[in-house]
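> Following this line is my_file_19.txt, made up of compact mmCIF, C-alpha atoms (C1' of nucleotides):
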```
# COMPACT_ATOMS: atom_id res chain seq x y z
CA MET A 40 94.44 128.42 77.39
CA ASN A 41 92.73 125.45 75.68
CA ALA A 42 90.02 126.92 73.51
CA SER A 43 88.68 123.60 72.26
CA ALA A 44 87.57 121.02 74.77
CA LYS A 45 85.94 118.26 72.75
CA PRO A 46 83.23 119.38 70.34
CA GLU A 47 85.30 121.69 68.12
CA ARG A 48 86.85 119.74 65.30
CA THR A 49 90.03 121.79 65.08
CA ARG A 50 93.33 119.98 65.03
CA LEU A 51 95.06 119.03 68.21
CA SER A 52 98.19 120.36 69.86
CA ALA A 53 100.57 118.73 72.30
CA GLU A 54 98.92 120.62 75.14
CA ASP A 55 95.55 119.13 74.27
CA TRP A 56 97.03 115.67 74.67
CA GLU A 57 98.60 116.62 77.98
CA ASP A 58 95.35 118.02 79.34
CA ALA A 59 93.45 114.94 78.24
CA ALA A 60 96.12 112.78 79.84
CA LEU A 61 95.78 114.59 83.16
CA LYS A 62 92.03 114.27 83.01
CA LEU A 63 92.30 110.56 82.37
CA ILE A 64 94.83 110.19 85.17
CA ALA A 65 92.51 111.96 87.57
CA ASP A 66 89.65 109.68 86.56
CA GLN A 67 91.26 106.29 86.18
CA GLY A 68 94.84 106.51 87.41
CA VAL A 69 98.22 106.46 85.73
CA ASN A 70 97.97 102.82 84.66
CA ALA A 71 94.98 103.64 82.51
CA LEU A 72 97.00 106.09 80.44
CA ALA A 73 96.98 104.33 77.07
CA VAL A 74 97.52 106.17 73.81
CA GLU A 75 94.83 104.39 71.82
CA ALA A 76 92.29 105.03 74.59
CA LEU A 77 93.25 108.70 74.69
CA ALA A 78 93.01 108.91 70.92
CA ARG A 79 89.50 107.47 70.91
CA GLN A 80 88.49 109.94 73.61
CA LEU A 81 89.86 112.79 71.51
CA GLY A 82 88.23 111.51 68.35
CA VAL A 83 91.47 110.76 66.49
CA THR A 84 93.85 107.82 66.07
CA LYS A 85 97.36 106.88 67.15
CA GLY A 86 98.74 108.47 64.02
CA SER A 87 98.02 111.85 65.53
CA PHE A 88 99.63 111.05 68.85
CA TYR A 89 102.94 109.89 67.47
CA TRP A 90 103.32 113.09 65.59
CA HIS A 91 103.16 115.16 68.80
CA PHE A 92 105.03 112.77 71.09
CA ARG A 93 107.85 110.38 70.54
CA THR A 94 106.51 107.87 73.06
CA ARG A 95 103.89 107.25 75.71
CA GLU A 96 106.54 107.89 78.32
CA ALA A 97 107.14 111.33 76.86
CA LEU A 98 103.45 112.20 77.15
CA LEU A 99 103.35 111.17 80.79
CA GLN A 100 106.46 113.22 81.48
CA ALA A 101 105.02 116.30 79.79
CA ALA A 102 101.69 115.90 81.56
CA LEU A 103 103.37 115.58 84.95
CA GLU A 104 105.51 118.65 84.39
CA ARG A 105 102.47 120.56 83.22
CA TRP A 106 100.59 119.57 86.37
CA GLU A 107 103.53 120.46 88.59
CA GLN A 108 103.74 123.93 87.11
CA TYR A 109 100.13 125.01 86.85
CA GLY A 110 99.25 123.09 89.98
CA GLU A 111 98.46 125.00 93.11
CA ARG A 112 100.44 128.24 93.39
CA GLU A 113 97.42 130.50 94.05
CA VAL A 114 96.43 128.98 97.38
CA ILE A 115 99.90 129.34 98.85
CA SER A 116 100.29 132.99 97.94
CA GLN A 117 96.81 133.88 99.14
CA ILE A 118 97.39 132.24 102.49
CA GLU A 119 100.76 133.89 102.86
CA SER A 120 99.22 137.32 102.36
CA MET A 121 96.97 136.97 105.37
CA PRO A 122 97.98 139.39 108.13
CA ASP A 123 97.25 137.28 111.22
CA PRO A 124 99.48 134.19 111.27
CA ARG A 125 97.18 132.35 113.66
CA ALA A 126 94.30 132.68 111.24
CA ARG A 127 96.23 131.07 108.38
CA LEU A 128 95.99 127.46 109.49
CA PRO A 129 92.20 127.28 109.86
CA GLU A 130 91.78 129.11 106.60
CA LEU A 131 94.16 126.76 104.80
CA PHE A 132 92.42 123.70 106.17
CA ARG A 133 88.97 124.89 105.21
CA ARG A 134 90.06 125.88 101.73
CA VAL A 135 91.73 122.59 100.95
CA ALA A 136 88.83 120.67 102.41
CA HIS A 137 86.27 122.43 100.24
CA GLU A 138 88.21 122.40 97.01
CA LEU A 139 88.98 118.75 96.66
CA ALA A 140 88.59 118.63 92.90
CA PRO A 141 92.07 119.99 92.10
CA HIS A 142 93.51 117.34 94.38
CA ARG A 143 92.23 114.44 92.36
CA VAL A 144 95.35 114.29 90.24
CA TYR A 145 97.47 114.31 93.36
CA ALA A 146 95.40 111.46 94.79
CA ALA A 147 95.84 109.48 91.58
CA LEU A 148 99.58 110.05 91.53
CA LEU A 149 99.73 108.93 95.13
CA LYS A 150 98.65 105.50 93.97
CA ALA A 151 101.41 105.40 91.38
CA LEU A 152 104.38 105.98 93.65
CA ASP A 153 105.97 102.81 92.32
CA HIS A 154 106.25 104.44 88.92
CA PRO A 155 109.75 105.92 88.46
CA GLN A 156 108.47 108.92 86.53
CA VAL A 157 106.02 110.15 89.15
CA VAL A 158 108.24 109.69 92.20
CA PRO A 159 110.48 112.74 91.63
CA VAL A 160 107.48 114.94 90.81
CA MET A 161 105.61 113.88 93.91
CA ALA A 162 108.76 114.26 95.99
CA ARG A 163 109.17 117.87 94.87
CA VAL A 164 105.52 118.82 95.28
CA SER A 165 105.17 117.16 98.68
CA GLN A 166 108.42 118.71 99.82
CA ARG A 167 107.31 122.21 98.88
CA ARG A 168 103.96 121.80 100.60
CA MET A 169 105.61 120.40 103.70
CA GLU A 170 107.96 123.35 103.90
CA PHE A 171 105.03 125.71 103.49
CA LEU A 172 103.17 123.98 106.31
CA THR A 173 106.24 124.05 108.54
CA THR A 174 106.62 127.78 108.02
CA ILE A 175 103.01 128.44 108.92
CA TYR A 176 103.31 126.39 112.08
CA ARG A 177 106.42 128.31 113.08
CA GLU A 178 104.63 131.59 112.52
CA ALA A 179 101.79 130.26 114.63
CA GLY A 180 104.11 129.91 117.57
CA LEU A 181 105.68 126.46 117.46
CA ASP A 182 109.42 126.03 117.74
CA SER A 183 111.40 124.59 114.86
CA GLN A 184 111.21 120.92 115.79
CA GLU A 185 107.57 121.02 116.81
CA ALA A 186 106.61 122.86 113.66
CA LEU A 187 108.29 120.25 111.47
CA ASN A 188 106.66 117.32 113.22
CA ARG A 189 103.27 118.98 113.22
CA ALA A 190 103.63 119.65 109.52
CA ARG A 191 104.46 115.98 108.96
CA LEU A 192 101.41 114.95 110.92
CA THR A 193 99.13 117.39 109.14
CA TYR A 194 100.33 116.46 105.71
CA ALA A 195 100.07 112.77 106.44
CA ALA A 196 96.48 113.32 107.56
CA TYR A 197 95.81 115.14 104.31
CA VAL A 198 97.29 112.40 102.17
CA GLY A 199 95.54 109.68 104.11
CA PHE A 200 92.24 111.44 103.81
CA LEU A 201 92.55 111.60 100.06
CA GLN A 202 93.17 107.87 99.88
CA LEU A 203 90.37 106.88 102.22
CA ASN A 204 87.69 109.02 100.66
CA PHE A 205 88.42 109.50 96.99
CA THR A 206 89.41 106.07 95.96
CA LEU A 207 88.14 104.00 98.80
CA GLY A 208 84.66 105.28 99.67
CA LEU A 209 84.65 104.67 103.39
CA PRO A 210 81.16 105.06 104.98
CA ARG A 211 80.42 107.90 102.58
CA ILE A 212 80.56 110.76 105.05
CA SER A 213 77.80 113.37 104.82
CA HIS A 214 78.41 117.02 104.08
CA ASP A 215 77.62 118.26 107.58
CA GLU A 216 79.58 115.51 109.18
CA PHE A 217 82.52 116.35 106.96
CA ASP A 218 82.44 119.97 108.11
CA ALA A 219 82.41 118.79 111.69
CA TYR A 220 85.42 116.64 110.94
CA VAL A 221 87.31 119.57 109.44
CA GLU A 222 86.61 121.70 112.50
CA HIS A 223 87.71 118.88 114.76
CA MET A 224 90.91 118.63 112.78
CA ILE A 225 91.50 122.35 113.11
CA ARG A 226 91.02 122.23 116.87
CA THR A 227 93.32 119.26 117.21
CA LEU A 228 96.14 120.32 114.92
CA THR A 229 96.22 124.08 115.44
CA PRO A 230 98.49 125.20 118.29
CA ASN A 231 96.43 126.02 121.40
CA MET B 293 102.42 76.61 108.53
CA ASN B 294 104.58 76.73 105.39
CA ALA B 295 107.44 74.38 106.04
CA SER B 296 109.21 75.03 102.74
CA ALA B 297 110.15 78.57 101.81
CA LYS B 298 112.23 78.31 98.65
CA PRO B 299 115.17 75.93 98.83
CA GLU B 300 113.27 72.68 99.51
CA ARG B 301 112.29 71.07 96.28
CA THR B 302 109.00 69.66 97.51
CA ARG B 303 105.93 70.26 95.43
CA LEU B 304 103.85 73.34 95.84
CA SER B 305 100.43 73.88 97.35
CA ALA B 306 97.88 76.61 96.77
CA GLU B 307 98.97 78.27 100.01
CA ASP B 308 102.54 78.52 98.74
CA TRP B 309 101.30 80.44 95.74
CA GLU B 310 99.22 82.73 97.92
CA ASP B 311 102.14 83.49 100.20
CA ALA B 312 104.39 84.18 97.26
CA ALA B 313 101.72 86.42 95.80
CA LEU B 314 101.46 88.44 99.00
CA LYS B 315 105.21 88.76 99.14
CA LEU B 316 105.31 90.02 95.58
CA ILE B 317 102.46 92.42 96.26
CA ALA B 318 104.30 93.83 99.26
CA ASP B 319 107.44 94.29 97.18
CA GLN B 320 106.16 95.50 93.83
CA GLY B 321 102.44 96.15 94.14
CA VAL B 322 99.31 94.48 92.85
CA ASN B 323 99.98 95.33 89.21
CA ALA B 324 103.17 93.31 89.29
CA LEU B 325 101.28 90.16 90.18
CA ALA B 326 101.87 88.08 87.05
CA VAL B 327 101.64 84.31 87.02
CA GLU B 328 104.69 83.68 84.85
CA ALA B 329 106.76 85.97 87.07
CA LEU B 330 105.56 84.19 90.17
CA ALA B 331 106.27 80.82 88.58
CA ARG B 332 109.85 81.80 87.79
CA GLN B 333 110.31 83.03 91.34
CA LEU B 334 109.05 79.69 92.66
CA GLY B 335 111.17 77.69 90.25
CA VAL B 336 108.27 76.19 88.28
CA THR B 337 106.20 77.08 85.23
CA LYS B 338 102.67 78.17 84.47
CA GLY B 339 101.59 74.59 84.15
CA SER B 340 101.83 74.30 87.91
CA PHE B 341 99.87 77.45 88.60
CA TYR B 342 96.88 76.56 86.50
CA TRP B 343 96.51 73.31 88.31
CA HIS B 344 96.07 75.09 91.66
CA PHE B 345 94.08 78.10 90.43
CA ARG B 346 91.57 78.60 87.73
CA THR B 347 92.75 82.12 86.92
CA ARG B 348 95.01 84.93 88.00
CA GLU B 349 91.99 86.67 89.46
CA ALA B 350 91.33 83.65 91.66
CA LEU B 351 94.86 83.78 93.04
CA LEU B 352 94.55 87.46 93.90
CA GLN B 353 91.24 86.81 95.58
CA ALA B 354 92.66 83.94 97.64
CA ALA B 355 95.74 85.93 98.59
CA LEU B 356 93.64 88.90 99.69
CA GLU B 357 91.36 86.73 101.81
CA ARG B 358 94.37 85.03 103.32
CA TRP B 359 95.88 88.39 104.21
CA GLU B 360 92.61 89.66 105.65
CA GLN B 361 92.32 86.63 107.93
CA TYR B 362 95.84 86.17 109.22
CA GLY B 363 96.48 89.89 109.17
CA GLU B 364 96.68 91.75 112.43
CA ARG B 365 94.45 90.23 115.11
CA GLU B 366 97.17 89.95 117.78
CA VAL B 367 97.81 93.66 118.20
CA ILE B 368 94.17 94.48 118.76
CA SER B 369 93.62 91.84 121.41
CA GLN B 370 96.82 92.73 123.23
CA ILE B 371 95.93 96.39 123.36
CA GLU B 372 92.41 95.63 124.50
CA SER B 373 93.75 93.63 127.44
CA MET B 374 95.60 96.61 128.88
CA PRO B 375 94.03 97.73 132.16
CA ASP B 376 94.50 101.50 131.90
CA PRO B 377 92.51 102.90 128.96
CA ARG B 378 94.65 106.05 128.82
CA ALA B 379 97.77 104.00 128.32
CA ARG B 380 96.38 102.16 125.33
CA LEU B 381 96.73 104.91 122.75
CA PRO B 382 100.44 105.63 123.27
CA GLU B 383 101.17 101.93 123.34
CA LEU B 384 99.23 101.36 120.13
CA PHE B 385 101.01 104.18 118.35
CA ARG B 386 104.45 103.02 119.41
CA ARG B 387 103.77 99.43 118.44
CA VAL B 388 102.47 100.26 115.00
CA ALA B 389 105.29 102.70 114.42
CA HIS B 390 107.97 100.16 115.26
CA GLU B 391 106.51 97.21 113.40
CA LEU B 392 106.04 98.66 109.97
CA ALA B 393 106.96 95.48 108.12
CA PRO B 394 103.52 93.83 108.47
CA HIS B 395 101.99 97.00 107.06
CA ARG B 396 103.75 96.76 103.74
CA VAL B 397 100.95 94.75 102.19
CA TYR B 398 98.44 97.29 103.41
CA ALA B 399 100.52 100.08 101.91
CA ALA B 400 100.67 98.26 98.60
CA LEU B 401 96.92 97.62 98.55
CA LEU B 402 96.38 101.28 99.30
CA LYS B 403 97.87 102.04 95.91
CA ALA B 404 95.48 99.63 94.21
CA LEU B 405 92.21 101.10 95.41
CA ASP B 406 91.07 101.37 91.81
CA HIS B 407 91.11 97.59 91.55
CA PRO B 408 87.60 96.19 92.14
CA GLN B 409 88.90 93.14 94.01
CA VAL B 410 90.88 95.01 96.64
CA VAL B 411 88.31 97.70 97.41
CA PRO B 412 85.94 95.52 99.49
CA VAL B 413 88.84 93.99 101.39
CA MET B 414 90.35 97.34 102.23
CA ALA B 415 86.94 98.69 103.13
CA ARG B 416 86.40 95.93 105.67
CA VAL B 417 89.89 96.10 107.17
CA SER B 418 89.90 99.88 107.41
CA GLN B 419 86.42 99.86 108.87
CA ARG B 420 87.38 97.41 111.60
CA ARG B 421 90.49 99.37 112.50
CA MET B 422 88.56 102.62 112.57
CA GLU B 423 85.98 101.16 114.92
CA PHE B 424 88.74 99.87 117.15
CA LEU B 425 90.34 103.30 117.26
CA THR B 426 87.01 104.96 117.97
CA THR B 427 86.40 102.65 120.90
CA ILE B 428 89.80 103.37 122.39
CA TYR B 429 89.24 107.11 122.10
CA ARG B 430 85.89 106.78 123.82
CA GLU B 431 87.47 104.82 126.64
CA ALA B 432 90.09 107.52 126.87
CA GLY B 433 87.42 110.06 127.69
CA LEU B 434 86.18 111.55 124.43
CA ASP B 435 82.48 111.71 123.70
CA SER B 436 81.01 109.79 120.79
CA GLN B 437 81.38 112.41 118.09
CA GLU B 438 84.83 113.53 119.15
CA ALA B 439 86.04 109.96 119.35
CA LEU B 440 84.88 109.21 115.81
CA ASN B 441 86.48 112.30 114.34
CA ARG B 442 89.70 111.75 116.24
CA ALA B 443 89.79 108.18 114.97
CA ARG B 444 89.32 109.44 111.43
CA LEU B 445 92.16 111.89 111.87
CA THR B 446 94.46 109.32 113.43
CA TYR B 447 93.80 106.69 110.82
CA ALA B 448 94.26 109.18 108.01
CA ALA B 449 97.61 110.15 109.51
CA TYR B 450 98.57 106.50 109.62
CA VAL B 451 97.60 105.88 106.03
CA GLY B 452 99.28 109.04 104.82
CA PHE B 453 102.45 108.18 106.64
CA LEU B 454 102.63 104.81 104.94
CA GLN B 455 102.34 106.46 101.54
CA LEU B 456 104.85 109.21 102.18
CA ASN B 457 107.56 107.03 103.65
CA PHE B 458 107.30 103.53 102.23
CA THR B 459 106.72 104.23 98.62
CA LEU B 460 107.76 107.82 98.35
CA GLY B 461 110.95 108.21 100.36
CA LEU B 462 110.52 111.73 101.59
CA PRO B 463 113.71 113.20 103.16
CA ARG B 464 114.55 109.78 104.55
CA ILE B 465 113.86 110.49 108.20
CA SER B 466 116.43 109.22 110.72
CA HIS B 467 115.63 106.75 113.46
CA ASP B 468 115.87 109.24 116.33
CA GLU B 469 113.89 111.83 114.42
CA PHE B 470 111.24 109.25 113.71
CA ASP B 471 110.89 108.47 117.41
CA ALA B 472 110.53 112.17 118.10
CA TYR B 473 107.81 112.34 115.48
CA VAL B 474 105.93 109.46 117.04
CA GLU B 475 106.05 111.10 120.46
CA HIS B 476 104.86 114.36 118.97
CA MET B 477 101.99 112.51 117.35
CA ILE B 478 101.07 110.92 120.66
CA ARG B 479 101.07 114.27 122.44
CA THR B 480 98.98 115.85 119.71
CA LEU B 481 96.41 113.14 119.15
CA THR B 482 96.00 111.72 122.65
CA PRO B 483 93.26 113.46 124.68
CA ASN B 484 94.79 115.87 127.20
C1' DT C 256 104.29 46.62 92.69
C1' DC C 257 101.26 48.99 90.19
C1' DG C 258 97.70 51.94 88.94
C1' DA C 259 95.34 56.28 90.05
C1' DT C 260 95.81 60.75 91.37
C1' DA C 261 98.41 64.90 92.10
C1' DC C 262 101.65 67.89 90.31
C1' DC C 263 104.34 70.01 86.62
C1' DA C 264 106.58 71.05 81.66
C1' DT C 265 106.09 72.22 76.88
C1' DA C 266 103.91 74.22 73.26
C1' DC C 267 100.44 76.37 71.68
C1' DG C 268 96.39 80.23 70.70
C1' DC C 269 94.85 84.79 71.39
C1' DA C 270 94.06 89.56 72.98
C1' DT C 271 96.13 93.94 74.10
C1' DG C 272 98.87 97.80 73.60
C1' DA C 273 103.24 100.16 72.07
C1' DG C 274 105.65 101.71 68.22
C1' DT C 275 106.60 102.16 62.81
C1' DA C 276 105.80 103.04 57.85
C1' DT C 277 103.57 105.41 54.63
C1' DG C 278 100.29 107.92 52.29
C1' DG C 279 96.41 111.21 52.45
C1' DA C 280 94.23 115.60 53.96
C1' DT C 281 94.53 120.39 55.70
C1' DT C 282 96.46 124.69 56.64
C1' DG C 283 99.52 128.80 56.36
C1' DC C 284 102.10 131.45 53.32
C1' DG C 285 104.53 133.09 49.11
C1' DC D 209 96.85 129.60 43.20
C1' DG D 210 100.11 126.37 44.72
C1' DC D 211 103.64 124.36 47.51
C1' DA D 212 105.42 123.23 51.94
C1' DA D 213 104.72 122.18 56.41
C1' DT D 214 101.69 120.34 59.60
C1' DC D 215 98.46 117.09 61.16
C1' DC D 216 96.14 112.67 60.92
C1' DA D 217 94.47 107.71 59.14
C1' DT D 218 95.46 103.07 57.84
C1' DA D 219 97.90 99.12 58.11
C1' DC D 220 101.18 96.83 59.65
C1' DT D 221 105.11 94.58 63.31
C1' DC D 222 106.36 93.05 67.75
C1' DA D 223 106.47 92.04 72.68
C1' DT D 224 103.89 90.69 76.70
C1' DG D 225 100.92 88.09 79.43
C1' DC D 226 96.71 85.27 80.15
C1' DG D 227 94.74 81.00 79.39
C1' DT D 228 94.48 76.06 77.15
C1' DA D 229 95.85 71.45 75.53
C1' DT D 230 98.29 67.66 76.26
C1' DG D 231 101.62 64.69 77.79
C1' DG D 232 105.11 63.56 81.29
C1' DT D 233 106.79 62.45 86.17
C1' DA D 234 106.33 61.78 91.01
C1' DT D 235 103.80 59.97 94.94
C1' DC D 236 100.65 57.23 97.66
C1' DG D 237 97.47 53.72 98.83
C1' DA D 238 95.84 48.99 97.97
```
Would it be possible to restate this file's structure as structure tokens?

Amino acid sequence: MNASAKPERTRLSAEDWEDAALKLIADQGVNALAVEALARQLGVTKGSFYWHFRTREALLQAALERWEQYGEREVISQIESMPDPRARLPELFRRVAHELAPHRVYAALLKALDHPQVVPVMARVSQRRMEFLTTIYREAGLDSQEALNRARLTYAAYVGFLQLNFTLGLPRISHDEFDAYVEHMIRTLTPN
Amino acid sequence: MNASAKPERTRLSAEDWEDAALKLIADQGVNALAVEALARQLGVTKGSFYWHFRTREALLQAALERWEQYGEREVISQIESMPDPRARLPELFRRVAHELAPHRVYAALLKALDHPQVVPVMARVSQRRMEFLTTIYREAGLDSQEALNRARLTYAAYVGFLQLNFTLGLPRISHDEFDAYVEHMIRTLTPN
DNA sequence: TCGATACCATACGCATGAGTATGGATTGCG
DNA sequence: CGCAATCCATACTCATGCGTATGGTATCGA
């Protein structure tokens, strides 16, 4: 998918606009999603945009749905295929911690939870991830209630971390220190 | 301070505008901070505003500084005065959990971390709170490194919780279930 | 009481960004 | 080749929201 990134001077499709929109959202947030700005970045004008989309709102909607679909998927299935349930949590934590790039859109959308269009998307995505986490905690030995609460705690820590490090650049943590933090988190949040 | 909320028809001061601004920020976020909207809400027009402030930016700056000063303060000193260090963490968690109203501004500012004016404020506030948490963890028996990481984890969980429940309304948790969650969090994050 | 200062209303200018109208260029296809 | 679609540029309109100019009203001290 997407054969032309920027240099090729072929004509654009709706998907190109959606990809560019997601890129811009990841970089500058949902508020910065302006059609004329996007057009400049793509080397065209508004005239092009309004052929592919009826409105700016429609672009945002399409981009969000695109992100929701082709979002994670792989990570979940790979983790689920691991034989030892107790080994899944550490593996999940380390993976997510070391692949922060794909989470930049999520972090940006987190800051736009007042926007009516992003709320339902974030609600669905967060809900799915929470359920996944709860299942893993159950398989790791926690009872139903404990697993749910631990999943809430874990996911909150994940969300909070994104906020505090991506956008806000708290005392720019070093690479080694970050690894130590991840291991600390694993020890603290993994059952026994 | 502030003798007239809305009904009294006395004339306004700069502080009235700042309070109204903070209220609006807590309700609708930083983006919604418009001077004509604020003026309508206060029953006056722009003409009033631009007598007290040179620009919209100046108002935001003043409101942020006001919030940073008269923000928390009390909680920290009260917790610090508790004799038993091990009892401080549970008490802190329960207090924060049950007084979420004062944290609405913080939650709103969290969603505006792309705004250059709020970043330094949030950096300072978060930094202070983190250091406070780290100290408490040390006094509770953790060594330096562990205390810092545990503080990071705890504060991230706090921040994430604000996002997931204030703005996003994840499966609207019940009151009893919320208490259970808080107790679970205390058991999980408090040393031994 | 009366003038100076503090506070506010009205009426502007001006920039930005969404959306429309319309015509030109390019491509696939018969 | 040639004619439809498809894709894009240019040139507008329109609403919003910041900031300014200027004049009016209230309030307080001398």
> Would you list which chain A residues are within 9 Å of chain C using all atoms listed in the file, as a list in words?
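Filtering chain A at 9 Å from chain C with all atoms listed in the file gives Ala73, Val74, Glu75, Tyr89, Thr94 and Arg95 of chain A.
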> Could you work out how far atom CA of A:Gly199 lies from atom CA of B:Tyr398, giving the answer in Å with one decimal?
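We find that atom CA of B:Tyr398 and atom CA of A:Gly199 lie 12.7 Å from each other.
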> Kindly give the distance, in Å, that separates atom CA of A:Ala140 and atom CA of A:Ala65, rounded to a single decimal.
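Taking atom CA of A:Ala140 as the start and atom CA of A:Ala65 as the end point, the length is 9.4 Å.
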> Give me, as a PDB file with C-alpha atoms, in the frame of the given file, the residues of chain B touching chain A, with the criterion being at most 10 Å (counting only C-alpha atoms).

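Result file follows (selection.pdb):
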```pdb
ATOM      1  CA  ASP B 319     107.440  94.290  97.180  1.00  0.00           C
ATOM      2  CA  GLN B 320     106.160  95.500  93.830  1.00  0.00           C
ATOM      3  CA  GLY B 321     102.440  96.150  94.140  1.00  0.00           C
ATOM      4  CA  ASN B 323      99.980  95.330  89.210  1.00  0.00           C
ATOM      5  CA  ALA B 399     100.520 100.080 101.910  1.00  0.00           C
ATOM      6  CA  ALA B 400     100.670  98.260  98.600  1.00  0.00           C
ATOM      7  CA  LEU B 401      96.920  97.620  98.550  1.00  0.00           C
ATOM      8  CA  LEU B 402      96.380 101.280  99.300  1.00  0.00           C
ATOM      9  CA  LYS B 403      97.870 102.040  95.910  1.00  0.00           C
ATOM     10  CA  ALA B 404      95.480  99.630  94.210  1.00  0.00           C
ATOM     11  CA  LEU B 405      92.210 101.100  95.410  1.00  0.00           C
ATOM     12  CA  ASP B 406      91.070 101.370  91.810  1.00  0.00           C
ATOM     13  CA  HIS B 407      91.110  97.590  91.550  1.00  0.00           C
ATOM     14  CA  VAL B 410      90.880  95.010  96.640  1.00  0.00           C
ATOM     15  CA  VAL B 411      88.310  97.700  97.410  1.00  0.00           C
ATOM     16  CA  PRO B 412      85.940  95.520  99.490  1.00  0.00           C
ATOM     17  CA  MET B 414      90.350  97.340 102.230  1.00  0.00           C
ATOM     18  CA  ALA B 415      86.940  98.690 103.130  1.00  0.00           C
ATOM     19  CA  ARG B 416      86.400  95.930 105.670  1.00  0.00           C
ATOM     20  CA  SER B 418      89.900  99.880 107.410  1.00  0.00           C
ATOM     21  CA  GLN B 419      86.420  99.860 108.870  1.00  0.00           C
ATOM     22  CA  GLN B 437      81.380 112.410 118.090  1.00  0.00           C
ATOM     23  CA  GLU B 438      84.830 113.530 119.150  1.00  0.00           C
ATOM     24  CA  LEU B 440      84.880 109.210 115.810  1.00  0.00           C
ATOM     25  CA  ASN B 441      86.480 112.300 114.340  1.00  0.00           C
ATOM     26  CA  ARG B 442      89.700 111.750 116.240  1.00  0.00           C
ATOM     27  CA  ARG B 444      89.320 109.440 111.430  1.00  0.00           C
ATOM     28  CA  LEU B 445      92.160 111.890 111.870  1.00  0.00           C
ATOM     29  CA  THR B 446      94.460 109.320 113.430  1.00  0.00           C
ATOM     30  CA  TYR B 447      93.800 106.690 110.820  1.00  0.00           C
ATOM     31  CA  ALA B 448      94.260 109.180 108.010  1.00  0.00           C
ATOM     32  CA  ALA B 449      97.610 110.150 109.510  1.00  0.00           C
ATOM     33  CA  TYR B 450      98.570 106.500 109.620  1.00  0.00           C
ATOM     34  CA  VAL B 451      97.600 105.880 106.030  1.00  0.00           C
ATOM     35  CA  GLY B 452      99.280 109.040 104.820  1.00  0.00           C
ATOM     36  CA  PHE B 453     102.450 108.180 106.640  1.00  0.00           C
ATOM     37  CA  LEU B 454     102.630 104.810 104.940  1.00  0.00           C
ATOM     38  CA  GLN B 455     102.340 106.460 101.540  1.00  0.00           C
ATOM     39  CA  LEU B 456     104.850 109.210 102.180  1.00  0.00           C
ATOM     40  CA  ASN B 457     107.560 107.030 103.650  1.00  0.00           C
ATOM     41  CA  PHE B 458     107.300 103.530 102.230  1.00  0.00           C
ATOM     42  CA  THR B 459     106.720 104.230  98.620  1.00  0.00           C
ATOM     43  CA  LEU B 460     107.760 107.820  98.350  1.00  0.00           C
ATOM     44  CA  GLY B 461     110.950 108.210 100.360  1.00  0.00           C
ATOM     45  CA  LEU B 462     110.520 111.730 101.590  1.00  0.00           C
ATOM     46  CA  PRO B 463     113.710 113.200 103.160  1.00  0.00           C
ATOM     47  CA  GLU B 469     113.890 111.830 114.420  1.00  0.00           C
ATOM     48  CA  PHE B 470     111.240 109.250 113.710  1.00  0.00           C
ATOM     49  CA  ALA B 472     110.530 112.170 118.100  1.00  0.00           C
ATOM     50  CA  TYR B 473     107.810 112.340 115.480  1.00  0.00           C
ATOM     51  CA  VAL B 474     105.930 109.460 117.040  1.00  0.00           C
ATOM     52  CA  GLU B 475     106.050 111.100 120.460  1.00  0.00           C
ATOM     53  CA  HIS B 476     104.860 114.360 118.970  1.00  0.00           C
ATOM     54  CA  MET B 477     101.990 112.510 117.350  1.00  0.00           C
ATOM     55  CA  THR B 480      98.980 115.850 119.710  1.00  0.00           C
ATOM     56  CA  LEU B 481      96.410 113.140 119.150  1.00  0.00           C
ATOM     57  CA  THR B 482      96.000 111.720 122.650  1.00  0.00           C
ATOM     58  CA  PRO B 483      93.260 113.460 124.680  1.00  0.00           C
TER      59      PRO B 483
END
```
> Just give me the gap between atom CA of B:Ser436 and atom CA of B:Phe424 in Å, one decimal is fine.
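So the two atoms, atom CA of B:Ser436 and atom CA of B:Phe424, lie 13.1 Å apart.
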